[in-house]
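Dumped target.cif below, it's mmCIF, C-alpha atoms:
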```cif
data_input
loop_
_atom_site.label_atom_id
_atom_site.label_comp_id
_atom_site.auth_asym_id
_atom_site.auth_seq_id
_atom_site.Cartn_x
_atom_site.Cartn_y
_atom_site.Cartn_z
CA MET A 1 -17.24 -7.41 -32.70
CA ILE A 2 -14.33 -8.40 -30.42
CA THR A 3 -14.00 -4.74 -29.44
CA PHE A 4 -17.62 -4.72 -28.43
CA TRP A 5 -17.39 -7.82 -26.25
CA ILE A 6 -14.30 -6.45 -24.51
CA LEU A 7 -15.74 -2.97 -23.95
CA ALA A 8 -19.35 -3.81 -23.09
CA PRO A 9 -18.62 -5.52 -19.73
CA ILE A 10 -16.21 -2.72 -18.79
CA MET A 11 -18.82 -0.10 -19.62
CA VAL A 12 -21.61 -1.80 -17.69
CA ALA A 13 -19.32 -2.37 -14.69
CA CYS A 14 -18.15 1.27 -14.72
CA ALA A 15 -21.71 2.57 -15.08
CA LEU A 16 -22.84 0.45 -12.12
CA GLY A 17 -19.81 1.63 -10.16
CA MET A 18 -20.67 5.22 -11.00
CA VAL A 19 -24.09 4.80 -9.39
CA ALA A 20 -22.76 2.82 -6.42
CA VAL A 21 -19.61 4.75 -5.50
CA ARG A 22 -20.03 7.28 -2.70
CA LYS A 23 -17.60 10.01 -3.70
CA ALA A 24 -18.65 12.23 -6.57
CA VAL A 25 -15.12 12.53 -7.98
CA HIS A 26 -14.90 8.74 -8.36
CA SER A 27 -18.25 8.80 -10.17
CA ALA A 28 -16.88 11.37 -12.60
CA LEU A 29 -13.78 9.28 -13.32
CA LEU A 30 -15.86 6.15 -13.92
CA LEU A 31 -18.11 8.16 -16.22
CA ALA A 32 -15.00 9.15 -18.17
CA VAL A 33 -14.21 5.46 -18.75
CA VAL A 34 -17.76 4.85 -20.03
CA MET A 35 -17.57 7.84 -22.37
CA ILE A 36 -14.20 6.90 -23.86
CA SER A 37 -15.42 3.32 -24.41
CA LEU A 38 -18.50 4.74 -26.12
CA ALA A 39 -16.23 6.78 -28.39
CA VAL A 40 -14.42 3.58 -29.39
CA LEU A 41 -17.76 1.92 -30.11
CA TYR A 42 -18.64 4.86 -32.40
CA ALA A 43 -15.36 4.36 -34.23
CA VAL A 44 -16.16 0.66 -34.65
CA GLN A 45 -19.55 1.57 -36.12
CA ASP A 46 -18.16 3.72 -38.98
CA ALA A 47 -18.64 7.06 -37.18
CA PRO A 48 -15.13 8.57 -36.93
CA PHE A 49 -16.54 12.11 -36.71
CA LEU A 50 -18.67 11.25 -33.70
CA PHE A 51 -15.69 9.41 -32.20
CA ALA A 52 -13.67 12.64 -32.24
CA VAL A 53 -16.59 14.78 -31.07
CA GLN A 54 -17.37 12.39 -28.23
CA ILE A 55 -13.81 12.59 -26.92
CA ILE A 56 -13.45 16.34 -27.40
CA VAL A 57 -16.89 17.45 -26.20
CA TYR A 58 -17.72 14.84 -23.58
CA THR A 59 -14.51 13.62 -22.02
CA GLY A 60 -12.73 16.88 -22.77
CA ALA A 61 -15.20 19.65 -22.04
CA VAL A 62 -18.23 18.29 -20.19
CA LEU A 63 -16.36 16.08 -17.74
CA MET A 64 -13.80 18.80 -17.03
CA LEU A 65 -16.72 21.11 -16.27
CA PHE A 66 -18.14 18.49 -13.91
CA LEU A 67 -14.82 18.14 -12.10
CA PHE A 68 -14.46 21.91 -11.95
CA VAL A 69 -17.85 22.33 -10.29
CA LEU A 70 -17.08 19.42 -7.95
CA MET A 71 -13.94 21.19 -6.80
CA LEU A 72 -15.88 24.44 -6.31
CA VAL A 73 -18.72 22.77 -4.41
CA GLY A 74 -16.24 20.87 -2.25
CA VAL A 75 -14.81 17.41 -2.70
CA ASP A 76 -15.64 16.57 0.91
CA SER A 77 -19.39 16.69 0.28
CA ALA A 78 -20.09 12.96 0.15
CA ASP A 79 -23.57 11.60 -0.44
CA SER A 80 -25.72 11.07 2.62
CA LEU A 81 -26.94 7.52 3.12
CA VAL A 82 -30.12 8.60 4.89
CA GLU A 83 -33.25 7.78 2.94
CA THR A 84 -35.81 10.58 2.92
CA LEU A 85 -38.54 8.27 1.70
CA ARG A 86 -38.48 4.83 3.24
CA GLY A 87 -37.90 2.02 0.76
CA GLN A 88 -37.28 4.47 -2.07
CA ARG A 89 -33.87 3.03 -2.86
CA THR A 90 -35.01 -0.57 -3.28
CA ALA A 91 -38.06 0.58 -5.22
CA ALA A 92 -35.81 2.60 -7.56
CA VAL A 93 -33.51 -0.35 -8.19
CA LEU A 94 -36.52 -2.59 -8.81
CA VAL A 95 -38.03 -0.11 -11.28
CA ALA A 96 -34.69 0.17 -13.11
CA ILE A 97 -34.39 -3.62 -13.40
CA VAL A 98 -37.96 -3.95 -14.68
CA PHE A 99 -37.33 -1.15 -17.17
CA ALA A 100 -34.13 -2.79 -18.41
CA VAL A 101 -35.83 -6.17 -18.79
CA LEU A 102 -38.69 -4.57 -20.67
CA LEU A 103 -36.39 -2.68 -23.05
CA ILE A 104 -34.12 -5.66 -23.68
CA ALA A 105 -37.07 -7.99 -24.23
CA GLY A 106 -38.48 -5.52 -26.71
CA ILE A 107 -35.19 -5.21 -28.58
CA THR A 108 -34.53 -8.94 -28.77
CA GLN A 109 -38.09 -9.73 -29.86
CA THR A 110 -37.96 -7.31 -32.78
CA THR A 111 -36.64 -8.36 -36.15
CA ILE A 112 -34.52 -5.46 -37.29
CA GLY A 113 -33.70 -6.69 -40.78
CA ALA A 114 -30.44 -6.87 -42.69
CA VAL A 115 -27.67 -4.45 -41.80
CA VAL A 116 -27.07 -2.10 -44.75
CA GLY A 117 -23.78 -0.70 -43.46
CA LEU A 118 -22.34 2.75 -44.04
CA ASP A 119 -19.86 1.86 -46.80
CA GLU A 120 -22.05 3.50 -49.43
CA ALA A 121 -22.88 6.59 -47.36
CA ASN A 122 -19.22 7.03 -46.38
CA VAL A 123 -17.81 6.87 -49.95
CA ASP A 124 -16.45 10.44 -49.78
CA GLY A 125 -15.44 9.94 -46.18
CA ASN A 126 -17.55 10.22 -43.06
CA VAL A 127 -16.91 13.88 -42.29
CA PRO A 128 -17.88 15.21 -45.78
CA GLY A 129 -20.94 12.94 -45.68
CA VAL A 130 -22.07 14.31 -42.32
CA ALA A 131 -21.25 17.88 -43.40
CA SER A 132 -23.25 17.70 -46.65
CA LEU A 133 -26.25 16.38 -44.76
CA LEU A 134 -25.83 18.89 -41.93
CA PHE A 135 -25.62 21.91 -44.26
CA SER A 136 -28.48 20.90 -46.55
CA LYS A 137 -31.22 18.84 -44.97
CA TYR A 138 -30.58 19.88 -41.38
CA ILE A 139 -29.51 23.46 -41.97
CA PHE A 140 -32.42 24.91 -39.98
CA ALA A 141 -31.68 22.72 -36.95
CA PHE A 142 -28.05 23.75 -37.24
CA GLU A 143 -28.97 27.45 -37.21
CA VAL A 144 -31.26 26.95 -34.22
CA THR A 145 -28.35 25.26 -32.45
CA SER A 146 -26.38 28.49 -32.58
CA ALA A 147 -29.23 30.31 -30.84
CA LEU A 148 -29.29 27.54 -28.23
CA LEU A 149 -25.56 27.85 -27.57
CA ILE A 150 -25.74 31.62 -27.22
CA THR A 151 -28.67 31.27 -24.82
CA ALA A 152 -26.78 28.68 -22.79
CA ALA A 153 -23.69 30.89 -22.56
CA LEU A 154 -25.81 33.87 -21.48
CA GLY A 155 -27.73 31.77 -18.98
CA ALA A 156 -24.55 30.45 -17.42
CA MET A 157 -23.20 33.99 -17.11
CA VAL A 158 -26.42 35.28 -15.52
CA LEU A 159 -26.66 32.35 -13.10
CA ALA A 160 -23.01 32.42 -12.10
CA HIS A 161 -22.97 36.18 -11.60
CA ARG A 162 -23.00 37.35 -8.00
CA GLU A 163 -24.27 40.79 -7.06
CA ARG A 164 -21.99 42.74 -4.71
CA LEU A 165 -24.25 43.67 -1.81
CA THR A 166 -21.66 45.48 0.32
CA PRO A 167 -18.98 47.91 -0.90
CA LYS A 168 -15.53 46.45 -1.40
CA PRO A 169 -13.34 47.11 1.69
CA THR A 170 -10.34 49.33 1.10
CA GLN A 171 -6.83 48.34 2.14
CA ARG A 172 -7.04 50.71 5.10
CA GLN A 173 -10.25 49.12 6.32
CA VAL A 174 -8.78 45.62 5.96
CA VAL A 175 -5.76 46.53 8.10
CA ARG A 176 -7.94 48.25 10.68
CA GLN A 177 -10.19 45.17 10.89
CA ARG A 178 -7.15 42.90 11.34
CA MET A 179 -5.72 44.95 14.17
CA LEU A 180 -9.18 45.12 15.77
CA ASP A 181 -9.44 41.31 15.60
CA TYR A 182 -5.98 41.08 17.18
CA THR A 183 -6.77 43.37 20.09
CA GLU A 184 -10.25 42.00 20.77
CA ARG A 185 -10.01 38.31 19.98
CA GLY A 186 -6.29 37.69 19.80
CA ILE A 187 -6.31 36.52 16.18
CA HIS A 188 -2.82 36.70 14.68
CA PRO A 189 -2.73 39.63 12.21
CA GLY A 190 -0.09 38.12 9.95
CA PRO A 191 -0.52 35.45 7.29
CA LEU A 192 -1.40 31.87 8.29
CA PRO A 193 1.54 29.49 8.81
CA SER A 194 2.42 27.51 5.70
CA PRO A 195 2.34 23.72 5.78
CA GLY A 196 5.48 22.22 7.19
CA SER A 197 8.57 21.60 5.12
CA PHE A 198 10.70 18.95 6.75
CA ALA A 199 13.56 16.88 5.43
CA ARG A 200 11.15 13.95 5.23
CA HIS A 201 8.01 15.52 3.68
CA ASN A 202 7.31 18.85 2.04
CA SER A 203 3.75 18.13 0.88
CA VAL A 204 0.77 20.27 1.88
CA ASP A 205 -0.68 17.53 4.06
CA THR A 206 2.19 17.87 6.55
CA PRO A 207 1.24 20.41 9.22
CA ALA A 208 3.73 23.01 10.43
CA LEU A 209 5.14 22.37 13.89
CA LEU A 210 4.72 24.81 16.74
CA PRO A 211 7.76 25.52 18.98
CA ASP A 212 6.61 22.86 21.45
CA GLY A 213 6.54 20.22 18.70
CA SER A 214 2.76 19.93 18.32
CA ALA A 215 1.11 20.29 14.90
CA SER A 216 -0.38 23.66 13.94
CA GLU A 217 -4.05 23.30 12.91
CA LEU A 218 -3.97 26.60 11.03
CA SER A 219 -1.34 25.45 8.55
CA ILE A 220 -3.59 22.77 7.01
CA SER A 221 -6.39 23.36 4.52
CA ARG A 222 -9.92 22.97 5.85
CA VAL A 223 -10.80 20.44 3.13
CA MET A 224 -7.92 18.13 4.06
CA ARG A 225 -8.94 18.20 7.70
CA ALA A 226 -12.53 17.35 6.73
CA ARG A 227 -11.35 14.44 4.63
CA GLY A 228 -9.01 13.23 7.35
CA THR A 229 -5.93 13.08 5.11
CA VAL A 230 -3.66 15.18 7.31
CA ARG A 231 -0.35 13.44 7.91
CA ASP A 232 0.39 12.49 11.52
CA VAL A 233 3.70 14.09 12.48
CA SER A 234 4.03 12.73 16.01
CA GLY A 235 5.73 9.61 14.62
CA ASP A 236 8.11 11.79 12.63
CA ARG A 237 9.16 13.56 15.80
CA ALA A 238 10.07 10.25 17.43
CA ILE A 239 12.07 9.17 14.36
CA GLU A 240 13.82 12.53 14.29
CA ALA A 241 14.81 12.18 17.92
CA ALA A 242 16.09 8.65 17.28
CA ILE A 243 18.17 9.81 14.30
CA GLU A 244 19.60 12.67 16.34
CA SER A 245 20.65 10.41 19.21
CA ASP A 246 22.15 7.93 16.70
CA ALA A 247 24.16 10.71 15.13
CA LYS A 248 25.44 11.84 18.51
CA GLN A 249 26.47 8.30 19.38
CA LEU A 250 28.26 7.85 16.04
CA GLU A 251 30.11 11.08 16.59
CA ARG A 252 31.23 9.89 19.98
CA THR A 253 32.50 6.48 18.81
CA HIS A 254 34.33 7.88 15.77
CA MET A 255 36.05 10.62 17.68
CA GLY A 256 36.88 8.19 20.45
CA GLY A 257 37.10 11.03 22.97
CA ALA A 258 35.10 11.78 26.00
CA PRO A 259 31.55 12.92 25.19
CA GLY A 260 31.08 16.64 25.31
CA GLU A 261 34.54 17.66 24.11
CA PRO A 262 34.91 16.39 20.54
CA ASP A 263 36.29 19.69 19.26
CA GLU A 264 39.27 19.63 21.54
CA HIS A 265 40.12 16.11 20.46
CA ARG A 266 40.01 16.96 16.79
CA LEU A 267 42.41 19.84 17.30
CA ASP A 268 44.84 17.46 19.01
CA GLY A 269 44.66 15.01 16.13
CA GLY A 270 45.40 17.75 13.63
CA ASP A 271 48.53 18.79 15.44
CA ARG A 272 50.06 15.35 15.42
CA MET B 1 -22.06 -7.23 -36.86
CA SER B 2 -25.64 -7.54 -35.73
CA PRO B 3 -27.01 -4.34 -34.20
CA THR B 4 -28.87 -6.17 -31.39
CA PRO B 5 -25.94 -6.40 -28.90
CA PHE B 6 -25.29 -2.67 -29.32
CA LEU B 7 -28.94 -1.90 -28.68
CA VAL B 8 -29.01 -4.16 -25.62
CA LEU B 9 -25.93 -2.38 -24.25
CA SER B 10 -27.59 0.96 -24.93
CA ALA B 11 -30.73 -0.16 -23.08
CA LEU B 12 -28.64 -1.39 -20.14
CA LEU B 13 -26.71 1.86 -19.86
CA PHE B 14 -29.94 3.86 -20.07
CA SER B 15 -31.51 1.82 -17.28
CA ILE B 16 -28.42 2.21 -15.10
CA GLY B 17 -28.53 5.96 -15.68
CA ALA B 18 -32.23 6.04 -14.76
CA MET B 19 -31.50 4.06 -11.61
CA GLY B 20 -28.74 6.53 -10.69
CA VAL B 21 -31.12 9.48 -11.10
CA LEU B 22 -33.60 7.81 -8.76
CA VAL B 23 -31.10 6.55 -6.19
CA ARG B 24 -28.48 9.26 -5.76
CA ARG B 25 -28.96 12.41 -3.66
CA ASN B 26 -26.00 14.50 -4.81
CA ALA B 27 -27.22 16.85 -7.56
CA ILE B 28 -23.96 16.60 -9.52
CA VAL B 29 -24.03 12.80 -9.57
CA VAL B 30 -27.69 12.92 -10.67
CA PHE B 31 -26.55 15.17 -13.48
CA MET B 32 -23.82 12.71 -14.48
CA CYS B 33 -26.41 9.94 -14.63
CA ILE B 34 -28.52 12.07 -16.99
CA GLU B 35 -25.43 12.42 -19.19
CA LEU B 36 -25.07 8.63 -19.14
CA MET B 37 -28.67 8.27 -20.35
CA LEU B 38 -28.06 10.75 -23.19
CA ASN B 39 -24.93 8.86 -24.19
CA ALA B 40 -26.81 5.56 -24.19
CA SER B 41 -29.41 6.98 -26.56
CA ASN B 42 -26.57 8.26 -28.76
CA LEU B 43 -25.22 4.73 -29.02
CA ALA B 44 -28.64 3.51 -30.20
CA LEU B 45 -28.79 6.33 -32.77
CA VAL B 46 -25.36 5.51 -34.19
CA THR B 47 -26.23 1.81 -34.31
CA PHE B 48 -29.44 2.51 -36.22
CA ALA B 49 -27.54 4.78 -38.62
CA ARG B 50 -25.25 1.87 -39.51
CA GLN B 51 -28.17 -0.52 -39.70
CA SER B 52 -30.23 1.60 -42.09
CA GLY B 53 -27.27 2.75 -44.16
CA ASN B 54 -27.64 6.54 -43.98
CA LEU B 55 -26.02 9.22 -41.87
CA ASP B 56 -29.19 10.78 -40.43
CA GLY B 57 -28.76 8.86 -37.18
CA GLN B 58 -25.26 10.22 -36.75
CA ILE B 59 -26.55 13.76 -37.31
CA ALA B 60 -29.17 13.17 -34.62
CA ALA B 61 -26.48 11.93 -32.24
CA PHE B 62 -24.45 15.05 -33.03
CA PHE B 63 -27.39 17.30 -32.15
CA VAL B 64 -27.96 15.36 -28.93
CA MET B 65 -24.33 16.08 -28.02
CA VAL B 66 -24.74 19.81 -28.71
CA VAL B 67 -27.90 20.00 -26.63
CA ALA B 68 -26.25 17.97 -23.84
CA ALA B 69 -23.29 20.35 -23.75
CA ALA B 70 -25.58 23.38 -23.47
CA GLU B 71 -27.66 21.62 -20.85
CA VAL B 72 -24.58 20.80 -18.76
CA VAL B 73 -23.46 24.43 -18.78
CA VAL B 74 -26.81 25.77 -17.59
CA GLY B 75 -27.46 22.88 -15.19
CA LEU B 76 -24.13 23.18 -13.46
CA ALA B 77 -24.61 26.94 -13.16
CA ILE B 78 -27.96 26.28 -11.46
CA ILE B 79 -26.35 23.76 -9.09
CA MET B 80 -23.68 26.33 -8.27
CA THR B 81 -26.33 28.96 -7.50
CA ILE B 82 -28.27 26.56 -5.26
CA PHE B 83 -25.05 25.56 -3.52
CA ARG B 84 -24.17 29.19 -2.93
CA THR B 85 -27.45 29.94 -1.17
CA ARG B 86 -27.88 26.67 0.75
CA ARG B 87 -24.29 25.38 1.16
CA SER B 88 -25.45 21.96 0.01
CA ALA B 89 -25.54 20.07 -3.30
CA SER B 90 -28.13 17.56 -2.14
CA VAL B 91 -31.38 17.36 -4.09
CA ASP B 92 -33.29 16.77 -0.85
CA ASP B 93 -32.39 20.18 0.56
CA ALA B 94 -34.02 22.15 -2.26
CA SER B 95 -37.56 21.39 -1.09
CA LEU B 96 -38.93 24.83 -0.32
CA LEU B 97 -41.81 24.54 -2.80
CA LYS B 98 -43.18 21.60 -0.81
CA TYR B 99 -44.27 23.70 2.15
#
```
Write the structure described by the file as structure tokens, please.
Amino acid sequence: MITFWILAPIMVACALGMVAVRKAVHSALLLAVVMISLAVLYAVQDAPFLFAVQIIVYTGAVLMLFLFVLMLVGVDSADSLVETLRGQRTAAVLVAIVFAVLLIAGITQTTIGAVVGLDEANVDGNVPGVASLLFSKYIFAFEVTSALLITAALGAMVLAHRERLTPKPTQRQVVRQRMLDYTERGIHPGPLPSPGSFARHNSVDTPALLPDGSASELSISRVMRARGTVRDVSGDRAIEAAIESDAKQLERTHMGGAPGEPDEHRLDGGDR
Amino acid sequence: MSPTPFLVLSALLFSIGAMGVLVRRNAIVVFMCIELMLNASNLALVTFARQSGNLDGQIAAFFVMVVAAAEVVVGLAIIMTIFRTRRSASVDDASLLKY
């Protein structure tokens, strides 16, 4: 029961956060917390098989699928806050609260009777118990499930399939198109510049620098620009210049010679 | 362990999921809220299985999970197809049948 009282507030908070948070990826992560907590609650309630299935199927497969589609659709697609129907949001929250109150009132008013517990049903272990029931009483439902899974797999393949409407361009055509773009619109025919690799940062959010020291827009992914997470390199340039001038000054003081001719001085010192 | 707190939690999670379906505009988040509702009903099923002392409730929860997995696969494929044609995952943009 302690497990329940620890997990229940976390689950409710995460579920509320999932609805309230704006970014879809954050919603998915909060949903993962709810699902893992649910798995623990299954384990507490003598259902070790469902505990494993919950973690493998839900947090393992389903949530990964969600994240996968989120990445395909674009992480930068945040929810719009514009209401299409006026007052729909408040009405929805109100309806949900009324529904919850109704359900909870119904549950608390009902006398459920004594808890039998699963000790007797789980004598041979939970998994053999579930299996013997699944392959005798529920065998037809189990068979139908296989048809459902095959249909789902086929449906996903049909829906995700994209017809090729134009013939695939050959390598020759690709090159010709690139050179045409270069002559007509001045688009560089070579590959795009890679994100900058400096002594200070080599991550993909650091743009490459053009010869004049400004950041190259082409070297940064479109998604990062949309999310506004591109690193500002103008500060780095100032630091670099400061370090360079410091180094020059150090060189001068250590060599002790006149600036501009440290090599000569060193040769002298070696001779003596 | 009385089953009532578990059932109350299940009801709460279901209501939160229903609220999310009504409030959110992003189709993927709406889908996640539906998953939350399915999970909440699973919790009620497992609780009733323990309360009545047989494993039928757990079997039902297992079938709900199978159906939910199949539903997610097809649903996400549909969302992908809609996104490909409209460049948007918002449920408000797929309103062509209205006109």
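When all atoms listed in the file are used to measure the gap to chain B, the shortest distance among A:Val116, A:Leu30, A:Ile55, A:Ile2 belongs to A:Val116.
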Residues of chain B within 6 Å of chain A, counting all atoms listed in the file, as a count of residues only:
16
Need the neighbours of (-29.1, 11.2, -25.8): which residues are at most 8 Å away, counting only C-alpha atoms, as a count of residues only?
11
Translate the PyMOL selection byres ((chain B and resi 45) around 8) into a concrete residue list for this structure, as a PyMOL selection string.
chain B and resi 41-44+46-49+57-58+60-61
With C-alpha atoms retained, write the just-selected residues as an mmCIF file, in the frame of the given file.
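And here's out-v8.cif as it stands now:
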```cif
data_model
loop_
_atom_site.group_PDB
_atom_site.id
_atom_site.type_symbol
_atom_site.label_atom_id
_atom_site.label_comp_id
_atom_site.auth_asym_id
_atom_site.auth_seq_id
_atom_site.Cartn_x
_atom_site.Cartn_y
_atom_site.Cartn_z
ATOM 1 C CA SER B 41 -29.410 6.980 -26.560
ATOM 2 C CA ASN B 42 -26.570 8.260 -28.760
ATOM 3 C CA LEU B 43 -25.220 4.730 -29.020
ATOM 4 C CA ALA B 44 -28.640 3.510 -30.200
ATOM 5 C CA VAL B 46 -25.360 5.510 -34.190
ATOM 6 C CA THR B 47 -26.230 1.810 -34.310
ATOM 7 C CA PHE B 48 -29.440 2.510 -36.220
ATOM 8 C CA ALA B 49 -27.540 4.780 -38.620
ATOM 9 C CA GLY B 57 -28.760 8.860 -37.180
ATOM 10 C CA GLN B 58 -25.260 10.220 -36.750
ATOM 11 C CA ALA B 60 -29.170 13.170 -34.620
ATOM 12 C CA ALA B 61 -26.480 11.930 -32.240
#
```
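Contact shell of region 94-96 of chain B at 10 Å (only C-alpha atoms; same-chain neighbours under 4 positions omitted): Ile82, Phe83, Arg86, Ser88, Ala89 and Ser90 of chain B.
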Hey, can you check how far CA of Ser219 (chain A) sits from CA of His201 (chain A)?
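Taking CA of Ser219 (chain A) as the start and CA of His201 (chain A) as the end point, the length is 14.5 Å.
The residue that comes closest to Phe135 (chain A), out of B:Met1, B:Ile16, B:Ile59, B:Ser10 and on the basis of only C-alpha atoms, is B:Ile59.
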If you measure from CA of Ile220 (chain A) to CA of Thr183 (chain A), what distance in Å do you get, rounded to one decimal?
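Distance between the two atoms: 24.6 Å.
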Quick one: pull the distance between CA of Arg178 (chain A) and CA of Ser194 (chain A), Å, one decimal.
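So the two atoms, CA of Arg178 (chain A) and CA of Ser194 (chain A), lie 19.0 Å apart.
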